[in-house]
Each structure stands twice: as C-alpha cells, then as structure tokens.
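Asker: Input file: run.csv. Contents: CSV, C-alpha atoms.
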```
chain,number,residue,atom,x,y,z
P,5,PRO,CA,88.1,82.6,122.5
P,6,ARG,CA,90.7,85.1,123.5
P,7,GLN,CA,93.6,82.8,122.9
P,8,LEU,CA,92.1,81.7,119.6
P,9,GLY,CA,91.8,85.3,118.6
P,10,GLY,CA,95.4,85.9,119.6
P,11,CYS,CA,96.5,82.9,117.5
P,12,GLY,CA,94.6,84.3,114.5
P,13,ILE,CA,96.1,87.7,114.8
P,14,LEU,CA,99.6,86.2,115.3
P,15,GLY,CA,99.1,84.0,112.3
P,16,VAL,CA,98.0,86.9,110.1
P,17,GLY,CA,101.1,88.8,111.3
P,18,VAL,CA,103.5,86.0,110.5
P,19,TRP,CA,101.9,85.5,107.1
P,20,LEU,CA,102.2,89.2,106.3
P,21,SER,CA,105.8,89.2,107.5
P,22,VAL,CA,106.7,86.2,105.2
P,23,THR,CA,104.7,87.1,102.1
P,24,GLN,CA,104.8,90.9,102.3
P,25,GLY,CA,108.2,91.3,103.9
P,26,ASN,CA,109.1,94.3,101.7
P,27,PHE,CA,106.0,96.2,102.8
P,28,ALA,CA,107.2,97.9,105.9
P,29,THR,CA,106.4,101.3,107.3
P,30,LEU,CA,106.1,104.9,106.1
P,31,SER,CA,107.7,106.2,109.2
P,32,SER,CA,111.4,107.0,109.4
P,33,SER,CA,111.4,107.3,113.2
P,34,LEU,CA,109.8,103.9,113.8
P,35,PRO,CA,111.1,101.6,111.0
P,36,SER,CA,110.0,98.4,112.9
P,37,LEU,CA,106.4,99.6,113.2
P,38,SER,CA,105.0,97.6,110.3
P,39,ALA,CA,101.6,96.1,110.1
P,40,ALA,CA,103.1,92.6,110.3
P,41,ASN,CA,105.2,93.4,113.4
P,42,LEU,CA,102.3,95.1,115.1
P,43,LEU,CA,100.0,92.1,114.5
P,44,ILE,CA,102.6,89.7,115.7
P,45,ALA,CA,103.2,91.7,118.9
P,46,VAL,CA,99.4,92.1,119.6
P,47,GLY,CA,98.6,88.5,118.8
P,48,THR,CA,101.4,87.2,121.1
P,49,ILE,CA,100.2,89.4,124.0
P,50,ILE,CA,96.6,88.3,123.6
P,51,MET,CA,97.5,84.7,123.3
P,52,VAL,CA,99.7,84.7,126.4
P,53,ILE,CA,97.0,86.5,128.5
P,54,GLY,CA,94.3,84.2,127.1
P,55,CYS,CA,96.3,81.1,128.0
P,56,LEU,CA,96.7,82.5,131.6
P,57,GLY,CA,93.0,82.9,131.9
P,58,CYS,CA,92.2,79.6,130.4
P,59,VAL,CA,94.6,77.6,132.6
P,60,GLY,CA,93.5,79.6,135.6
P,61,ALA,CA,89.9,78.8,134.9
P,62,VAL,CA,90.4,75.1,134.3
P,63,LYS,CA,92.6,74.6,137.4
P,64,GLU,CA,90.7,77.2,139.4
P,65,SER,CA,94.1,78.7,140.3
P,66,ARG,CA,93.7,82.0,142.2
P,67,PRO,CA,97.2,83.4,141.3
P,68,LEU,CA,96.6,82.8,137.6
P,69,LEU,CA,93.1,84.2,137.7
P,70,LEU,CA,94.3,87.3,139.6
P,71,THR,CA,97.2,87.7,137.2
P,72,PHE,CA,94.8,87.5,134.2
P,73,PHE,CA,92.5,90.0,135.8
P,74,ILE,CA,95.2,92.5,136.6
P,75,LEU,CA,96.8,92.3,133.1
P,76,LEU,CA,93.5,92.6,131.4
P,77,LEU,CA,92.5,95.5,133.5
P,78,LEU,CA,95.9,97.2,132.8
P,79,ILE,CA,95.4,96.8,129.1
P,80,PHE,CA,91.8,98.1,129.3
P,81,PHE,CA,93.0,101.3,131.1
P,82,LEU,CA,95.9,101.8,128.7
P,83,GLU,CA,93.5,101.6,125.8
P,84,ILE,CA,91.1,104.2,127.3
P,85,LEU,CA,94.1,106.4,128.1
P,86,SER,CA,95.5,106.1,124.6
P,87,ILE,CA,92.1,107.1,123.1
P,88,MET,CA,91.8,110.1,125.4
P,89,LEU,CA,95.3,111.3,124.7
P,90,PHE,CA,94.7,110.9,120.9
P,91,PHE,CA,91.6,113.2,121.0
P,92,ILE,CA,93.2,115.7,123.4
P,93,TYR,CA,96.5,116.0,121.4
P,94,GLN,CA,95.0,115.3,117.9
P,95,ASP,CA,96.4,118.5,116.3
P,96,GLU,CA,99.9,117.8,117.8
P,97,ILE,CA,99.8,114.2,116.6
P,98,ASP,CA,98.8,115.4,113.1
P,99,HIS,CA,101.7,117.9,113.0
P,100,TYR,CA,104.2,115.3,114.2
P,101,ALA,CA,103.0,112.6,111.9
P,102,GLN,CA,103.2,114.9,108.8
P,103,ARG,CA,106.7,116.0,109.8
P,104,ASP,CA,107.8,112.4,110.3
P,105,LEU,CA,106.3,111.2,107.0
P,106,LYS,CA,108.0,114.1,105.1
P,107,LYS,CA,111.3,113.1,106.8
P,108,GLY,CA,110.7,109.6,105.6
P,109,LEU,CA,110.4,110.8,102.0
P,110,GLN,CA,114.1,111.5,102.0
P,111,LEU,CA,114.7,107.8,102.4
P,112,PHE,CA,112.6,106.9,99.4
P,113,GLY,CA,114.5,104.8,96.8
P,114,THR,CA,117.7,104.7,99.0
P,115,GLU,CA,119.7,101.5,99.8
P,116,GLY,CA,118.3,99.5,102.7
P,117,ASN,CA,114.9,101.2,102.6
P,118,VAL,CA,113.1,98.9,100.2
P,119,GLY,CA,110.2,98.5,102.6
P,120,LEU,CA,109.6,102.2,103.0
P,121,THR,CA,109.9,102.7,99.2
P,122,ASN,CA,107.3,99.9,98.5
P,123,ALA,CA,105.0,101.3,101.2
P,124,TRP,CA,104.9,104.7,99.6
P,125,MET,CA,104.4,103.2,96.1
P,126,ILE,CA,101.5,101.1,97.3
P,127,VAL,CA,99.8,104.0,99.3
P,128,GLN,CA,100.1,106.5,96.4
P,129,THR,CA,98.8,104.0,93.9
P,130,ASP,CA,95.9,102.7,96.0
P,131,PHE,CA,94.8,106.1,97.4
P,132,ARG,CA,95.5,108.0,94.1
P,133,CYS,CA,97.5,110.6,95.9
P,134,CYS,CA,101.0,112.1,95.9
P,135,GLY,CA,103.2,113.3,98.7
P,136,VAL,CA,102.3,113.9,102.3
P,137,THR,CA,100.6,117.3,102.1
P,138,ASN,CA,101.2,118.0,98.5
P,139,HIS,CA,102.8,116.5,95.4
P,140,THR,CA,105.5,119.2,95.7
P,141,ASP,CA,106.8,117.4,98.8
P,142,TRP,CA,108.7,115.2,96.3
P,143,PHE,CA,110.5,118.2,94.7
P,144,GLU,CA,112.6,118.6,97.9
P,145,VAL,CA,113.5,114.9,97.7
P,146,TYR,CA,114.6,114.9,94.0
P,147,ASN,CA,115.8,118.6,94.1
P,148,THR,CA,113.9,119.1,90.8
P,149,THR,CA,110.3,119.1,89.5
P,150,ARG,CA,109.8,115.3,89.7
P,151,VAL,CA,107.6,112.8,91.5
P,152,PRO,CA,107.8,109.0,91.8
P,153,ASP,CA,106.1,107.1,89.0
P,154,SER,CA,103.5,105.8,91.5
P,155,CYS,CA,102.1,109.4,91.5
P,156,CYS,CA,101.1,109.2,87.8
P,157,LEU,CA,97.5,109.1,86.6
P,158,GLU,CA,98.6,106.4,84.1
P,159,TYR,CA,101.7,104.5,85.2
P,160,SER,CA,104.6,104.2,82.9
P,161,ASP,CA,108.4,104.2,83.3
P,162,ASN,CA,109.7,107.7,84.2
P,163,CYS,CA,106.2,109.2,84.0
P,164,GLY,CA,107.2,111.2,87.1
P,165,LEU,CA,109.2,113.4,84.9
P,166,ASP,CA,106.3,114.4,82.7
P,167,ASN,CA,103.9,117.4,83.0
P,168,PRO,CA,102.5,117.9,86.5
P,169,GLY,CA,99.0,117.7,84.9
P,170,THR,CA,99.6,113.9,84.6
P,171,TRP,CA,100.1,113.4,88.3
P,172,TRP,CA,97.8,112.8,91.3
P,173,THR,CA,97.7,116.0,93.3
P,174,ALA,CA,95.6,114.9,96.3
P,175,PRO,CA,97.7,114.8,99.6
P,176,CYS,CA,98.1,111.2,100.9
P,177,TYR,CA,97.8,112.2,104.5
P,178,GLU,CA,94.3,113.7,104.0
P,179,ARG,CA,93.3,110.8,101.7
P,180,VAL,CA,94.2,108.2,104.4
P,181,LYS,CA,92.4,110.3,107.0
P,182,ASP,CA,89.3,110.5,104.8
P,183,TRP,CA,89.4,106.7,104.3
P,184,LEU,CA,89.5,106.3,108.1
P,185,ASN,CA,86.6,108.7,108.6
P,186,GLU,CA,84.6,106.8,106.0
P,187,ASN,CA,85.2,103.6,108.0
P,188,LEU,CA,84.7,105.2,111.4
P,189,VAL,CA,81.5,103.2,112.1
P,190,ALA,CA,83.3,99.9,111.5
P,191,LEU,CA,86.3,101.0,113.6
P,192,TRP,CA,84.0,102.0,116.5
P,193,ILE,CA,82.0,98.8,116.3
P,194,PHE,CA,85.3,96.8,116.5
P,195,ALA,CA,86.5,98.9,119.4
P,196,LEU,CA,83.2,98.4,121.3
P,197,CYS,CA,83.2,94.7,120.7
P,198,THR,CA,86.8,94.5,122.0
P,199,ALA,CA,85.9,96.5,125.1
P,200,LEU,CA,82.8,94.4,125.7
P,201,THR,CA,84.9,91.2,125.4
P,202,GLN,CA,87.5,92.6,127.9
P,203,ILE,CA,84.8,93.6,130.4
P,204,LEU,CA,83.2,90.2,130.2
P,205,GLY,CA,86.7,88.7,130.7
P,206,LEU,CA,87.2,90.9,133.8
P,207,VAL,CA,83.8,89.9,135.3
P,208,PHE,CA,84.2,86.2,134.7
P,209,SER,CA,87.8,86.1,136.0
P,210,MET,CA,86.9,88.0,139.2
P,211,THR,CA,83.8,85.8,139.6
P,212,MET,CA,85.8,82.6,139.4
P,213,PHE,CA,88.5,84.1,141.6
P,214,CYS,CA,85.9,84.9,144.3
P,215,GLN,CA,84.4,81.4,143.9
P,216,ALA,CA,87.8,79.8,144.3
P,217,VAL,CA,88.4,81.8,147.5
P,218,LYS,CA,85.1,80.7,148.9
P,219,VAL,CA,85.8,77.0,148.1
P,220,GLU,CA,89.3,77.2,149.6
P,221,THR,CA,87.9,78.9,152.7
P,222,PHE,CA,85.1,76.3,153.0
P,223,TYR,CA,87.6,73.4,152.9
P,224,ALA,CA,90.1,75.2,155.2
```
What does this structure look like when you write it as structure tokens?

Answerer:
Amino acid sequence: PRQLGGCGILGVGVWLSVTQGNFATLSSSLPSLSAANLLIAVGTIIMVIGCLGCVGAVKESRPLLLTFFILLLLIFFLEILSIMLFFIYQDEIDHYAQRDLKKGLQLFGTEGNVGLTNAWMIVQTDFRCCGVTNHTDWFEVYNTTRVPDSCCLEYSDNCGLDNPGTWWTAPCYERVKDWLNENLVALWIFALCTALTQILGLVFSMTMFCQAVKVETFYA
C-alpha cells in the first residue's frame, strides 16, 4: 500500500506539473516550492521506501528490512519535530511568511514570473481577498492607488484602477489561515492516519526482521 500511495502522489504531482505548469508558488525565496514539485518529491520518497520494504519482506532480507525501518523511523521523527517546531515558533513563522509573501508581490507581472503571477490571481479570486495583510500592499508594488484586476468584486479589464469600494479588502494571509482552521479536523485525521500507517510499518518491518534473524540463527 505504501508504494501504491507513493505512485498515486507522484502521478498527481506529474499531472499538476504538466497541466498546471504556470501555477507555481507565492514565495519569492522558494520559487521551486510548488504544489506539483512537492507532490513529486514526496511521492518519489514514499515509493522508494515502500519498494525497499516490499522487496525486503518478499525476500526476507535483513539489510533491506532494517534499512526500511531506519528510514521510516527517521521520517517519523522528522515529522514530529517539524510539528513541534511549527507550534513553538508559530509567531515567527507567521512574521517570516508575511514578509516573504510581500516581497513576492514585487515580482507580480514581471518577466519570468508567470507562475507567481498566476498563483496570486488564483488565490485572490478563489479566496475573495486582496494583498497579503491588506489591499494596500499592492500600492507599494504599483506606486499608485491600484490593485490587480483579480482583487475586484466583479472582474473586468483594468478594474483595479477603479474606486477602492469595488475591491476585495480581506487579507489573503488571514483568509487562507481561516480556511486551514475550518479544515483542521480533516488535516488532523489525515495526519493521524499517516502516523498510524507509519507505526504499523515500523512494527511489521521489525517483526519480520526479528523473524528473519531467528530463522537464520536456526539454520546456522
């Protein structure tokens, strides 16, 4: 199941990369951190580790089973550490993320940043928001009282030049955070299922490793 899940995630990542190539990232510091690239990386890692475990189980290979156990244990601890650090440094992460996103606004509409531009247009349209912390974030980008057309309540060409009363005023950063909070239960269920799968993988791999050791000792 682990390698099948990895193949599925990898497939979705490749599909996103091919069909949604222009939708990249909102971050200026991590331009390669797109949804597609992230899924491809995660899917590849899961598939490789899953194959190690599968081959190790079929052949009852102690080195492969031990390698699978160590890699899975390492990933499990890294996940726990990441969650702990996220909650401990949540305010600092918020501050850094907002600063980085505002820096990314400066690249909006510039040559070679089609992905970032499309990403902001999609986010502002879907979440009905404008800017990172305020619609006035865009004033510094355009050096005038103007926002992208995706900020408009009713989209039309150059509507971003109209009266501010015709723009979305909700901050995108808070809107996305609110959306994540609304789906927190689903996220925790997914996290718990992932953790349970990893724990079962650790238990089964160590059980098979111990069994292989006993068999080899018996026939020695």

Asker: Using Å and a single decimal, report how far CA of Lys107 (chain P) sits from CA of Gln94 (chain P).

Answerer: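 If I compute the distance from CA of Gln94 (chain P) to CA of Lys107 (chain P), I get 19.8 Å.
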
Asker: Using all atoms listed in the file, pick whichever of P:Arg66, P:Leu75, P:Gly205, P:Thr137 has the shortest atom-to-atom distance to Ile49 (chain P).

Answerer: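 So, comparing all the options, the nearest one is P:Leu75.
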
Asker: I need the residue nearest His99 (chain P) from this list: P:Ser160, P:Ile203, P:Val217, P:Val136. Use only C-alpha atoms for the distance.

Answerer: P:Val136

Asker: What is the distance between CA of Leu105 (chain P) and CA of Trp183 (chain P), in Å to one decimal?

Answerer: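 Computing the Euclidean distance for CA of Leu105 (chain P) and CA of Trp183 (chain P) yields 17.7 Å.
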
Asker: Find the spatial neighbours of Leu109 (chain P), counting all atoms listed in the file, within a cut-off of 12 Å - ignore same-chain residues fewer than 3 positions away - and output them as JSON, numbers by chain.

Answerer: {"P": [29, 30, 31, 32, 33, 102, 103, 104, 105, 106, 112, 113, 114, 117, 120, 121, 122, 123, 124, 125, 134, 135, 136, 137, 139, 140, 141, 142, 143, 144, 145, 146, 151, 152]}

Asker: Pick from P:Thr201, P:Thr211, P:Thr149, P:Asn187: nearest to Leu76 (chain P), with all atoms listed in the file counted?

Answerer: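 Of P:Thr201, P:Thr211, P:Thr149, P:Asn187, the one nearest Leu76 (chain P) is P:Thr201, counting all atoms listed in the file.
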
Asker: So how far away is CA of Thr148 (chain P) from CA of Arg132 (chain P), in Å?

Answerer: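 So the two atoms, CA of Arg132 (chain P) and CA of Thr148 (chain P), lie 21.7 Å apart.
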
Asker: Measuring atom to atom with all atoms listed in the file, identify which of P:Asn138, P:Asn167, P:Thr71, P:Gln202 is nearest to Gly57 (chain P).

Answerer: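 Distance minimum relative to Gly57 (chain P) lands on P:Thr71.
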
Asker: Take the point (86.5, 86.0, 144.7) in the file's coordinates, draw a sphere of radius 12 Å around it, and report as a list in words every protein, DNA or RNA residue with an atom inside or on it, counting only C-alpha atoms.

Answerer: Glu64, Ser65, Arg66, Pro67, Leu69, Leu70, Phe73, Leu206, Val207, Phe208, Ser209, Met210, Thr211, Met212, Phe213, Cys214, Gln215, Ala216, Val217, Lys218, Val219, Glu220 and Thr221 of chain P

Asker: So which residues touch Cys58 (chain P) within 10 Å, counting all atoms listed in the file, skipping near sequence neighbours fewer than 3 positions away, as a PyMOL selection string?

Answerer: chain P and resi 5-7+52-55+61-64+68-69+72+209
